[in-house]
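Source file: my_file_33.csv. Holds: CSV, N, CA and C atoms.
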chain,number,residue,atom,x,y,z
P,1301,MET,N,-106.0,130.8,-139.6
P,1301,MET,CA,-106.6,130.4,-138.4
P,1301,MET,C,-105.7,130.9,-137.3
P,1302,GLY,N,-106.4,131.5,-136.3
P,1302,GLY,CA,-105.7,132.1,-135.2
P,1302,GLY,C,-105.3,131.1,-134.1
P,1303,ASN,N,-104.4,131.4,-133.4
P,1303,ASN,CA,-103.9,130.6,-132.3
P,1303,ASN,C,-104.6,131.0,-131.0
P,1304,PRO,N,-105.5,130.1,-130.4
P,1304,PRO,CA,-106.3,130.5,-129.3
P,1304,PRO,C,-105.4,130.8,-128.0
P,1305,VAL,N,-104.3,130.1,-127.9
P,1305,VAL,CA,-103.4,130.3,-126.8
P,1305,VAL,C,-102.8,131.7,-126.8
P,1306,SER,N,-102.4,132.1,-127.9
P,1306,SER,CA,-101.8,133.5,-128.0
P,1306,SER,C,-102.8,134.5,-127.8
P,1307,ALA,N,-104.1,134.3,-128.3
P,1307,ALA,CA,-105.2,135.2,-128.1
P,1307,ALA,C,-105.5,135.4,-126.6
P,1308,GLN,N,-105.4,134.3,-125.9
P,1308,GLN,CA,-105.7,134.3,-124.4
P,1308,GLN,C,-104.6,135.1,-123.7
P,1309,LYS,N,-103.3,134.9,-124.1
P,1309,LYS,CA,-102.2,135.6,-123.5
P,1309,LYS,C,-102.3,137.1,-123.8
P,1310,GLY,N,-102.7,137.4,-125.0
P,1310,GLY,CA,-102.8,138.9,-125.3
P,1310,GLY,C,-103.9,139.5,-124.5
P,1311,GLY,N,-105.0,138.8,-124.2
P,1311,GLY,CA,-106.0,139.4,-123.4
P,1311,GLY,C,-105.6,139.6,-122.0
P,1312,ALA,N,-104.9,138.6,-121.5
P,1312,ALA,CA,-104.4,138.7,-120.1
P,1312,ALA,C,-103.4,139.8,-119.9
P,1313,SER,N,-102.6,139.9,-121.0
P,1313,SER,CA,-101.5,140.9,-120.9
P,1313,SER,C,-102.1,142.3,-120.9
P,1314,GLY,N,-103.1,142.5,-121.7
P,1314,GLY,CA,-103.8,143.8,-121.8
P,1314,GLY,C,-104.5,144.1,-120.4
P,1315,LYS,N,-105.1,143.1,-119.8
P,1315,LYS,CA,-105.7,143.3,-118.5
P,1315,LYS,C,-104.6,143.6,-117.4
P,1316,SER,N,-103.5,143.0,-117.5
P,1316,SER,CA,-102.4,143.2,-116.6
P,1316,SER,C,-101.9,144.6,-116.7
P,1317,ALA,N,-101.7,145.1,-118.0
P,1317,ALA,CA,-101.2,146.4,-118.2
P,1317,ALA,C,-102.2,147.5,-117.7
P,1318,THR,N,-103.5,147.2,-117.9
P,1318,THR,CA,-104.5,148.2,-117.4
P,1318,THR,C,-104.5,148.2,-115.9
P,1319,HIS,N,-104.4,147.0,-115.3
P,1319,HIS,CA,-104.3,146.9,-113.8
P,1319,HIS,C,-103.1,147.6,-113.3
P,1320,TYR,N,-102.0,147.4,-113.9
P,1320,TYR,CA,-100.7,148.1,-113.5
P,1320,TYR,C,-100.9,149.6,-113.6
P,1321,ALA,N,-101.5,150.1,-114.7
P,1321,ALA,CA,-101.7,151.5,-114.8
P,1321,ALA,C,-102.5,152.1,-113.7
P,1322,VAL,N,-103.5,151.3,-113.2
P,1322,VAL,CA,-104.4,151.8,-112.1
P,1322,VAL,C,-103.5,151.8,-110.8
P,1323,ILE,N,-102.7,150.8,-110.6
P,1323,ILE,CA,-101.9,150.7,-109.4
P,1323,ILE,C,-100.9,151.9,-109.3
P,1324,ILE,N,-100.2,152.2,-110.4
P,1324,ILE,CA,-99.2,153.2,-110.4
P,1324,ILE,C,-99.7,154.6,-110.2
P,1325,LYS,N,-101.0,154.8,-110.6
P,1325,LYS,CA,-101.7,156.1,-110.4
P,1325,LYS,C,-102.3,156.2,-109.0
P,1326,SER,N,-102.3,155.2,-108.2
P,1326,SER,CA,-103.0,155.2,-106.9
P,1326,SER,C,-102.1,156.1,-106.0
P,1327,GLU,N,-102.8,156.7,-105.0
P,1327,GLU,CA,-102.1,157.5,-104.0
P,1327,GLU,C,-101.2,156.7,-103.1
P,1328,SER,N,-101.6,155.5,-102.8
P,1328,SER,CA,-100.8,154.6,-101.9
P,1328,SER,C,-99.5,154.2,-102.6
P,1329,PHE,N,-99.6,153.9,-103.9
P,1329,PHE,CA,-98.4,153.6,-104.6
P,1329,PHE,C,-97.4,154.8,-104.7
P,1330,GLN,N,-97.9,155.9,-104.9
P,1330,GLN,CA,-97.1,157.1,-104.9
P,1330,GLN,C,-96.5,157.4,-103.6
P,1331,GLU,N,-97.2,157.1,-102.5
P,1331,GLU,CA,-96.7,157.3,-101.2
P,1331,GLU,C,-95.6,156.3,-100.9
P,1332,LEU,N,-95.7,155.0,-101.4
P,1332,LEU,CA,-94.7,154.0,-101.3
P,1332,LEU,C,-93.4,154.5,-102.0
P,1333,LEU,N,-93.6,155.0,-103.2
P,1333,LEU,CA,-92.4,155.5,-103.9
P,1333,LEU,C,-91.7,156.7,-103.2
P,1334,ARG,N,-92.5,157.6,-102.6
P,1334,ARG,CA,-92.0,158.7,-101.9
P,1334,ARG,C,-91.2,158.3,-100.7
P,1335,ARG,N,-91.8,157.3,-99.9
P,1335,ARG,CA,-91.1,156.9,-98.7
P,1335,ARG,C,-89.8,156.1,-99.0
P,1336,LYS,N,-89.9,155.3,-100.0
P,1336,LYS,CA,-88.6,154.5,-100.4
P,1336,LYS,C,-87.6,155.5,-100.9
P,1337,LYS,N,-87.9,156.4,-101.7
P,1337,LYS,CA,-86.9,157.4,-102.2
P,1337,LYS,C,-86.4,158.2,-101.1
P,1338,ALA,N,-87.2,158.6,-100.1
P,1338,ALA,CA,-86.8,159.4,-99.0
P,1338,ALA,C,-85.8,158.6,-98.1
P,1339,PHE,N,-85.9,157.3,-98.1
P,1339,PHE,CA,-84.9,156.5,-97.3
P,1339,PHE,C,-83.7,156.1,-98.1
P,1340,ILE,N,-83.9,155.6,-99.3
P,1340,ILE,CA,-82.8,155.0,-100.1
P,1340,ILE,C,-81.8,156.1,-100.6
P,1341,LEU,N,-82.3,157.2,-101.1
P,1341,LEU,CA,-81.4,158.2,-101.6
P,1341,LEU,C,-80.5,158.8,-100.6
P,1342,PRO,N,-80.9,159.3,-99.4
P,1342,PRO,CA,-80.0,159.8,-98.4
P,1342,PRO,C,-79.0,158.7,-97.9
P,1343,SER,N,-79.6,157.5,-97.6
P,1343,SER,CA,-78.7,156.4,-97.1
P,1343,SER,C,-77.7,156.0,-98.1
P,1344,SER,N,-78.0,156.0,-99.4
P,1344,SER,CA,-77.0,155.7,-100.4
P,1344,SER,C,-75.9,156.7,-100.5
P,1345,ILE,N,-76.3,158.0,-100.5
P,1345,ILE,CA,-75.4,159.1,-100.5
P,1345,ILE,C,-74.4,159.0,-99.3
P,1346,PHE,N,-75.0,158.8,-98.1
P,1346,PHE,CA,-74.2,158.6,-96.9
P,1346,PHE,C,-73.2,157.5,-97.1
P,1347,PHE,N,-73.7,156.3,-97.5
P,1347,PHE,CA,-72.9,155.1,-97.7
P,1347,PHE,C,-71.7,155.4,-98.6
P,1348,PHE,N,-71.9,156.0,-99.8
P,1348,PHE,CA,-70.9,156.2,-100.7
P,1348,PHE,C,-69.9,157.2,-100.2
P,1349,VAL,N,-70.3,158.3,-99.6
P,1349,VAL,CA,-69.4,159.3,-99.0
P,1349,VAL,C,-68.5,158.7,-98.0
P,1350,PHE,N,-69.2,157.9,-97.0
P,1350,PHE,CA,-68.4,157.3,-95.9
P,1350,PHE,C,-67.5,156.3,-96.5
P,1351,TYR,N,-67.9,155.5,-97.5
P,1351,TYR,CA,-67.1,154.4,-98.0
P,1351,TYR,C,-65.9,154.9,-98.7
P,1352,PHE,N,-66.1,155.9,-99.6
P,1352,PHE,CA,-65.0,156.4,-100.4
P,1352,PHE,C,-64.1,157.4,-99.7
P,1353,SER,N,-64.5,157.9,-98.5
P,1353,SER,CA,-63.7,158.9,-97.8
P,1353,SER,C,-62.4,158.2,-97.3
P,1354,LEU,N,-62.5,156.9,-96.9
P,1354,LEU,CA,-61.3,156.2,-96.4
P,1354,LEU,C,-60.2,156.2,-97.4
P,1355,PRO,N,-60.4,155.7,-98.7
P,1355,PRO,CA,-59.3,155.7,-99.6
P,1355,PRO,C,-58.8,157.1,-100.0
P,1356,ILE,N,-59.8,158.0,-100.0
P,1356,ILE,CA,-59.4,159.4,-100.4
P,1356,ILE,C,-58.5,160.0,-99.3
P,1357,LEU,N,-59.0,159.9,-98.0
P,1357,LEU,CA,-58.2,160.4,-96.9
P,1357,LEU,C,-56.9,159.8,-96.7
P,1358,THR,N,-56.8,158.5,-96.9
P,1358,THR,CA,-55.5,157.8,-96.8
P,1358,THR,C,-54.6,158.1,-98.0
P,1359,SER,N,-55.1,158.4,-99.1
P,1359,SER,CA,-54.3,158.6,-100.3
P,1359,SER,C,-53.7,160.1,-100.4
P,1360,TYR,N,-54.6,161.0,-100.0
P,1360,TYR,CA,-54.2,162.4,-100.2
P,1360,TYR,C,-54.0,163.2,-98.9
P,1361,PHE,N,-54.3,162.7,-97.8
P,1361,PHE,CA,-54.1,163.4,-96.5
P,1361,PHE,C,-53.5,162.5,-95.5
P,1362,THR,N,-53.0,163.2,-94.5
P,1362,THR,CA,-52.3,162.4,-93.4
P,1362,THR,C,-53.1,162.4,-92.1
P,1363,VAL,N,-54.3,162.9,-92.1
P,1363,VAL,CA,-55.1,163.0,-90.9
P,1363,VAL,C,-55.4,161.7,-90.2
P,1364,LEU,N,-55.5,160.6,-91.0
P,1364,LEU,CA,-55.8,159.3,-90.4
P,1364,LEU,C,-54.5,158.5,-90.0
P,1365,ASN,N,-53.4,159.1,-90.2
P,1365,ASN,CA,-52.1,158.4,-89.9
P,1365,ASN,C,-51.7,158.6,-88.4
P,1366,THR,N,-52.4,159.5,-87.7
P,1366,THR,CA,-52.0,159.6,-86.3
P,1366,THR,C,-52.6,158.5,-85.5
P,1367,LYS,N,-51.9,158.2,-84.3
P,1367,LYS,CA,-52.3,157.1,-83.5
P,1367,LYS,C,-53.6,157.4,-82.7
P,1368,ALA,N,-54.5,156.5,-82.8
P,1368,ALA,CA,-55.8,156.6,-82.0
P,1368,ALA,C,-55.6,156.1,-80.6
P,1369,PHE,N,-55.0,154.9,-80.5
P,1369,PHE,CA,-54.6,154.4,-79.1
P,1369,PHE,C,-53.7,153.2,-79.4
P,1370,GLY,N,-52.6,153.2,-78.6
P,1370,GLY,CA,-51.6,152.2,-78.8
P,1370,GLY,C,-51.0,152.3,-80.2
P,1371,ALA,N,-50.8,151.1,-80.9
P,1371,ALA,CA,-50.2,151.1,-82.2
P,1371,ALA,C,-51.3,151.2,-83.3
P,1372,ILE,N,-52.5,151.5,-82.9
P,1372,ILE,CA,-53.6,151.5,-83.9
P,1372,ILE,C,-53.8,153.0,-84.4
P,1373,SER,N,-53.8,153.2,-85.7
P,1373,SER,CA,-54.0,154.5,-86.2
P,1373,SER,C,-55.5,154.7,-86.5
P,1374,TRP,N,-55.9,156.0,-86.7
P,1374,TRP,CA,-57.3,156.3,-87.0
P,1374,TRP,C,-57.7,155.7,-88.3
P,1375,ALA,N,-56.8,155.4,-89.2
P,1375,ALA,CA,-57.2,154.7,-90.5
P,1375,ALA,C,-57.8,153.3,-90.1
P,1376,TRP,N,-57.3,152.6,-89.2
P,1376,TRP,CA,-57.8,151.3,-88.8
P,1376,TRP,C,-59.2,151.4,-88.1
P,1377,VAL,N,-59.3,152.5,-87.3
P,1377,VAL,CA,-60.6,152.7,-86.6
P,1377,VAL,C,-61.6,153.1,-87.7
P,1378,PHE,N,-61.3,153.9,-88.6
P,1378,PHE,CA,-62.2,154.3,-89.7
P,1378,PHE,C,-62.6,153.1,-90.5
P,1379,ALA,N,-61.6,152.2,-90.8
P,1379,ALA,CA,-61.9,151.0,-91.6
P,1379,ALA,C,-62.9,150.1,-90.9
P,1380,PHE,N,-62.7,149.9,-89.6
P,1380,PHE,CA,-63.6,149.1,-88.8
P,1380,PHE,C,-65.0,149.7,-88.7
P,1381,ALA,N,-65.0,151.1,-88.6
P,1381,ALA,CA,-66.3,151.8,-88.6
P,1381,ALA,C,-67.1,151.5,-89.8
P,1382,GLN,N,-66.4,151.3,-90.9
P,1382,GLN,CA,-67.2,151.0,-92.2
P,1382,GLN,C,-68.0,149.7,-92.1
P,1383,PHE,N,-67.4,148.7,-91.4
P,1383,PHE,CA,-68.2,147.5,-91.2
P,1383,PHE,C,-69.4,147.8,-90.3
P,1384,ILE,N,-69.2,148.5,-89.3
P,1384,ILE,CA,-70.3,148.9,-88.4
P,1384,ILE,C,-71.4,149.7,-89.1
P,1385,MET,N,-71.0,150.6,-90.0
P,1385,MET,CA,-71.9,151.4,-90.8
P,1385,MET,C,-72.7,150.6,-91.7
P,1386,THR,N,-72.0,149.6,-92.4
P,1386,THR,CA,-72.7,148.7,-93.3
P,1386,THR,C,-73.8,147.9,-92.6
P,1387,TRP,N,-73.4,147.3,-91.5
P,1387,TRP,CA,-74.3,146.5,-90.7
P,1387,TRP,C,-75.5,147.4,-90.2
P,1388,GLY,N,-75.2,148.6,-89.7
P,1388,GLY,CA,-76.2,149.5,-89.3
P,1388,GLY,C,-77.2,149.8,-90.3
P,1389,LEU,N,-76.7,150.1,-91.5
P,1389,LEU,CA,-77.6,150.4,-92.6
P,1389,LEU,C,-78.5,149.2,-93.0
P,1390,CYS,N,-77.9,148.1,-93.0
P,1390,CYS,CA,-78.7,146.9,-93.3
P,1390,CYS,C,-79.8,146.6,-92.3
P,1391,ILE,N,-79.4,146.8,-91.0
P,1391,ILE,CA,-80.4,146.7,-89.9
P,1391,ILE,C,-81.5,147.7,-90.1
P,1392,LEU,N,-81.1,149.0,-90.3
P,1392,LEU,CA,-82.1,150.0,-90.5
P,1392,LEU,C,-83.0,149.8,-91.7
P,1393,TYR,N,-82.4,149.3,-92.8
P,1393,TYR,CA,-83.3,149.0,-94.0
P,1393,TYR,C,-84.2,147.9,-93.7
P,1394,THR,N,-83.8,146.9,-93.0
P,1394,THR,CA,-84.6,145.7,-92.7
P,1394,THR,C,-85.9,146.2,-91.8
P,1395,LYS,N,-85.6,147.1,-90.9
P,1395,LYS,CA,-86.7,147.7,-90.1
P,1395,LYS,C,-87.7,148.5,-91.0
P,1396,ARG,N,-87.1,149.3,-91.9
P,1396,ARG,CA,-87.9,150.2,-92.7
P,1396,ARG,C,-88.7,149.3,-93.8
P,1397,ALA,N,-88.1,148.2,-94.2
P,1397,ALA,CA,-88.7,147.4,-95.2
P,1397,ALA,C,-90.1,146.9,-94.7
P,1398,LYS,N,-90.2,146.7,-93.4
P,1398,LYS,CA,-91.5,146.3,-92.8
P,1398,LYS,C,-92.6,147.3,-93.2
P,1399,GLU,N,-92.3,148.6,-93.0
P,1399,GLU,CA,-93.2,149.7,-93.4
P,1399,GLU,C,-93.5,149.6,-94.9
P,1400,PHE,N,-92.5,149.4,-95.7
P,1400,PHE,CA,-92.7,149.3,-97.1
P,1400,PHE,C,-93.6,148.1,-97.5
P,1401,ASP,N,-93.4,147.0,-96.8
P,1401,ASP,CA,-94.3,145.8,-97.0
P,1401,ASP,C,-95.7,146.1,-96.6
P,1402,ASP,N,-95.9,146.8,-95.5
P,1402,ASP,CA,-97.3,147.2,-95.1
P,1402,ASP,C,-98.0,148.0,-96.1
P,1403,LEU,N,-97.2,149.0,-96.7
P,1403,LEU,CA,-97.8,149.8,-97.8
P,1403,LEU,C,-98.1,149.0,-99.0
P,1404,VAL,N,-97.3,148.0,-99.3
P,1404,VAL,CA,-97.6,147.1,-100.5
P,1404,VAL,C,-98.9,146.3,-100.2
P,1405,GLU,N,-99.1,145.8,-99.0
P,1405,GLU,CA,-100.3,145.1,-98.7
P,1405,GLU,C,-101.5,146.0,-98.8
P,1406,LYS,N,-101.3,147.3,-98.4
P,1406,LYS,CA,-102.4,148.3,-98.5
P,1406,LYS,C,-102.8,148.5,-100.0
P,1407,ILE,N,-101.8,148.6,-100.8
P,1407,ILE,CA,-102.0,148.8,-102.2
P,1407,ILE,C,-102.7,147.6,-102.8
P,1408,LYS,N,-102.3,146.4,-102.4
P,1408,LYS,CA,-102.9,145.2,-102.9
P,1408,LYS,C,-104.4,145.2,-102.6
P,1409,GLN,N,-104.7,145.5,-101.3
P,1409,GLN,CA,-106.1,145.5,-100.9
P,1409,GLN,C,-106.9,146.6,-101.6
P,1410,GLU,N,-106.4,147.8,-101.8
P,1410,GLU,CA,-107.1,148.8,-102.5
P,1410,GLU,C,-107.3,148.5,-104.0
P,1411,THR,N,-106.4,147.8,-104.6
P,1411,THR,CA,-106.5,147.6,-106.1
P,1411,THR,C,-106.9,146.2,-106.4
P,1412,GLY,N,-107.2,145.4,-105.4
P,1412,GLY,CA,-107.6,144.0,-105.7
P,1412,GLY,C,-106.5,143.1,-106.2
P,1413,GLY,N,-105.3,143.4,-105.7
P,1413,GLY,CA,-104.2,142.5,-106.1
P,1413,GLY,C,-104.2,141.2,-105.4
P,1414,SER,N,-103.4,140.3,-105.9
P,1414,SER,CA,-103.3,138.9,-105.3
P,1414,SER,C,-102.5,139.0,-104.0
P,1415,LYS,N,-102.6,137.9,-103.2
P,1415,LYS,CA,-101.9,137.8,-101.9
P,1415,LYS,C,-100.7,136.9,-102.0
P,1416,GLU,N,-100.0,136.9,-103.2
P,1416,GLU,CA,-98.9,136.1,-103.5
P,1416,GLU,C,-97.7,136.6,-102.7

This entry written out as structure tokens:
Amino acid sequence: MGNPVSAQKGGASGKSATHYAVIIKSESFQELLRRKKAFILPSSIFFFVFYFSLPILTSYFTVLNTKAFGAISWAWVFAFAQFIMTWGLCILYTKRAKEFDDLVEKIKQETGGSKE
């Protein structure tokens, strides 16, 4: 004797898999992936280069040891700039996420997705 609950789950799972296959093939979903990749990849590369340049520059070079103003060296200025850069990237991503959310809503409408 079969289990009717597992049979229902199997049917729903198959329907979900088919629905997902339709979504990932849609032009709107591909556009969402392109836009996210076009934003996330360059900003991540910029973040890592900017972040790791401070320890590399202070460990192997003396360029940041010169005084910027008063008793503050360029290393301190660069370290403070990392906070500003991080906040800036977070603000920029928050603004861009609105565009991504709009695309997701468009995908839901096109494919009959739920409004959850």

Interatomic distance, atom N of Lys1367 (chain P) to atom N of Phe1380 (chain P) (Å, one decimal):
14.6 Å

Taking the backbone alone, and naming residues the way the document does, which bits of chain P are strand (DSSP E or B) by DSSP, as a list in words?
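Matching residues for strand (DSSP E or B) in chain P are Lys1367, Ala1368, Phe1369, Ile1372 and Ser1373 of chain P.
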
Could you pull out the residues in region 1355-1409 of chain P that DSSP calls alpha helix (DSSP H) from the backbone, as a compact mmCIF listing (two decimals) with N, CA and C atoms, in the frame of the given file?
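Listed below is the output, states04.txt:
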# COMPACT_ATOMS: atom_id res chain seq x y z
N PRO P 1355 -60.40 155.70 -98.70
CA PRO P 1355 -59.30 155.70 -99.60
C PRO P 1355 -58.80 157.10 -100.00
N ILE P 1356 -59.80 158.00 -100.00
CA ILE P 1356 -59.40 159.40 -100.40
C ILE P 1356 -58.50 160.00 -99.30
N LEU P 1357 -59.00 159.90 -98.00
CA LEU P 1357 -58.20 160.40 -96.90
C LEU P 1357 -56.90 159.80 -96.70
N THR P 1358 -56.80 158.50 -96.90
CA THR P 1358 -55.50 157.80 -96.80
C THR P 1358 -54.60 158.10 -98.00
N SER P 1359 -55.10 158.40 -99.10
CA SER P 1359 -54.30 158.60 -100.30
C SER P 1359 -53.70 160.10 -100.40
N TYR P 1360 -54.60 161.00 -100.00
CA TYR P 1360 -54.20 162.40 -100.20
C TYR P 1360 -54.00 163.20 -98.90
N TRP P 1374 -55.90 156.00 -86.70
CA TRP P 1374 -57.30 156.30 -87.00
C TRP P 1374 -57.70 155.70 -88.30
N ALA P 1375 -56.80 155.40 -89.20
CA ALA P 1375 -57.20 154.70 -90.50
C ALA P 1375 -57.80 153.30 -90.10
N TRP P 1376 -57.30 152.60 -89.20
CA TRP P 1376 -57.80 151.30 -88.80
C TRP P 1376 -59.20 151.40 -88.10
N VAL P 1377 -59.30 152.50 -87.30
CA VAL P 1377 -60.60 152.70 -86.60
C VAL P 1377 -61.60 153.10 -87.70
N PHE P 1378 -61.30 153.90 -88.60
CA PHE P 1378 -62.20 154.30 -89.70
C PHE P 1378 -62.60 153.10 -90.50
N ALA P 1379 -61.60 152.20 -90.80
CA ALA P 1379 -61.90 151.00 -91.60
C ALA P 1379 -62.90 150.10 -90.90
N PHE P 1380 -62.70 149.90 -89.60
CA PHE P 1380 -63.60 149.10 -88.80
C PHE P 1380 -65.00 149.70 -88.70
N ALA P 1381 -65.00 151.10 -88.60
CA ALA P 1381 -66.30 151.80 -88.60
C ALA P 1381 -67.10 151.50 -89.80
N GLN P 1382 -66.40 151.30 -90.90
CA GLN P 1382 -67.20 151.00 -92.20
C GLN P 1382 -68.00 149.70 -92.10
N PHE P 1383 -67.40 148.70 -91.40
CA PHE P 1383 -68.20 147.50 -91.20
C PHE P 1383 -69.40 147.80 -90.30
N ILE P 1384 -69.20 148.50 -89.30
CA ILE P 1384 -70.30 148.90 -88.40
C ILE P 1384 -71.40 149.70 -89.10
N MET P 1385 -71.00 150.60 -90.00
CA MET P 1385 -71.90 151.40 -90.80
C MET P 1385 -72.70 150.60 -91.70
N THR P 1386 -72.00 149.60 -92.40
CA THR P 1386 -72.70 148.70 -93.30
C THR P 1386 -73.80 147.90 -92.60
N TRP P 1387 -73.40 147.30 -91.50
CA TRP P 1387 -74.30 146.50 -90.70
C TRP P 1387 -75.50 147.40 -90.20
N GLY P 1388 -75.20 148.60 -89.70
CA GLY P 1388 -76.20 149.50 -89.30
C GLY P 1388 -77.20 149.80 -90.30
N LEU P 1389 -76.70 150.10 -91.50
CA LEU P 1389 -77.60 150.40 -92.60
C LEU P 1389 -78.50 149.20 -93.00
N CYS P 1390 -77.90 148.10 -93.00
CA CYS P 1390 -78.70 146.90 -93.30
C CYS P 1390 -79.80 146.60 -92.30
N ILE P 1391 -79.40 146.80 -91.00
CA ILE P 1391 -80.40 146.70 -89.90
C ILE P 1391 -81.50 147.70 -90.10
N LEU P 1392 -81.10 149.00 -90.30
CA LEU P 1392 -82.10 150.00 -90.50
C LEU P 1392 -83.00 149.80 -91.70
N TYR P 1393 -82.40 149.30 -92.80
CA TYR P 1393 -83.30 149.00 -94.00
C TYR P 1393 -84.20 147.90 -93.70
N THR P 1394 -83.80 146.90 -93.00
CA THR P 1394 -84.60 145.70 -92.70
C THR P 1394 -85.90 146.20 -91.80
N LYS P 1395 -85.60 147.10 -90.90
CA LYS P 1395 -86.70 147.70 -90.10
C LYS P 1395 -87.70 148.50 -91.00
N ARG P 1396 -87.10 149.30 -91.90
CA ARG P 1396 -87.90 150.20 -92.70
C ARG P 1396 -88.70 149.30 -93.80
N ALA P 1397 -88.10 148.20 -94.20
CA ALA P 1397 -88.70 147.40 -95.20
C ALA P 1397 -90.10 146.90 -94.70
N LYS P 1398 -90.20 146.70 -93.40
CA LYS P 1398 -91.50 146.30 -92.80
C LYS P 1398 -92.60 147.30 -93.20
N GLU P 1399 -92.30 148.60 -93.00
CA GLU P 1399 -93.20 149.70 -93.40
C GLU P 1399 -93.50 149.60 -94.90
N PHE P 1400 -92.50 149.40 -95.70
CA PHE P 1400 -92.70 149.30 -97.10
C PHE P 1400 -93.60 148.10 -97.50
N ASP P 1401 -93.40 147.00 -96.80
CA ASP P 1401 -94.30 145.80 -97.00
C ASP P 1401 -95.70 146.10 -96.60
N ASP P 1402 -95.90 146.80 -95.50
CA ASP P 1402 -97.30 147.20 -95.10
C ASP P 1402 -98.00 148.00 -96.10
N LEU P 1403 -97.20 149.00 -96.70
CA LEU P 1403 -97.80 149.80 -97.80
C LEU P 1403 -98.10 149.00 -99.00
N VAL P 1404 -97.30 148.00 -99.30
CA VAL P 1404 -97.60 147.10 -100.50
C VAL P 1404 -98.90 146.30 -100.20
N GLU P 1405 -99.10 145.80 -99.00
CA GLU P 1405 -100.30 145.10 -98.70
C GLU P 1405 -101.50 146.00 -98.80
N LYS P 1406 -101.30 147.30 -98.40
CA LYS P 1406 -102.40 148.30 -98.50
C LYS P 1406 -102.80 148.50 -100.00
N ILE P 1407 -101.80 148.60 -100.80
CA ILE P 1407 -102.00 148.80 -102.20
C ILE P 1407 -102.70 147.60 -102.80
N LYS P 1408 -102.30 146.40 -102.40
CA LYS P 1408 -102.90 145.20 -102.90
C LYS P 1408 -104.40 145.20 -102.60
N GLN P 1409 -104.70 145.50 -101.30
CA GLN P 1409 -106.10 145.50 -100.90
C GLN P 1409 -106.90 146.60 -101.60

Please measure the separation of CA of Thr1362 (chain P) and atom N of Trp1374 (chain P), giving the value in Å to one decimal.
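We find that CA of Thr1362 (chain P) and atom N of Trp1374 (chain P) lie 9.9 Å from each other.
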
Please, what distance in Å, to one decimal, runs between atom C of Ser1359 (chain P) and CA of Ile1345 (chain P)?
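Separation between atom C of Ser1359 (chain P) and CA of Ile1345 (chain P): 21.7 Å.
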
Which residue is closest to Leu1389 (chain P)? Choose from P:Phe1369, P:Tyr1360, P:Phe1347, P:Trp1376 and count only C-alpha atoms.
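With only C-alpha atoms as the atom set, the closest residue is P:Phe1347.
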
Option closest in space to Arg1335 (chain P), from P:Phe1400, P:Phe1350, P:Gly1370, P:Lys1408 [counting only N, CA and C atoms]
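Of P:Phe1400, P:Phe1350, P:Gly1370, P:Lys1408, the one nearest Arg1335 (chain P), counting only N, CA and C atoms, is P:Phe1400.
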
Measuring between only C-alpha atoms, which one of P:Leu1354, P:Leu1332, P:Ala1397, P:Ile1323 shows the shortest distance to Ala1381 (chain P)?
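Selected residue with least distance to Ala1381 (chain P): P:Leu1354.
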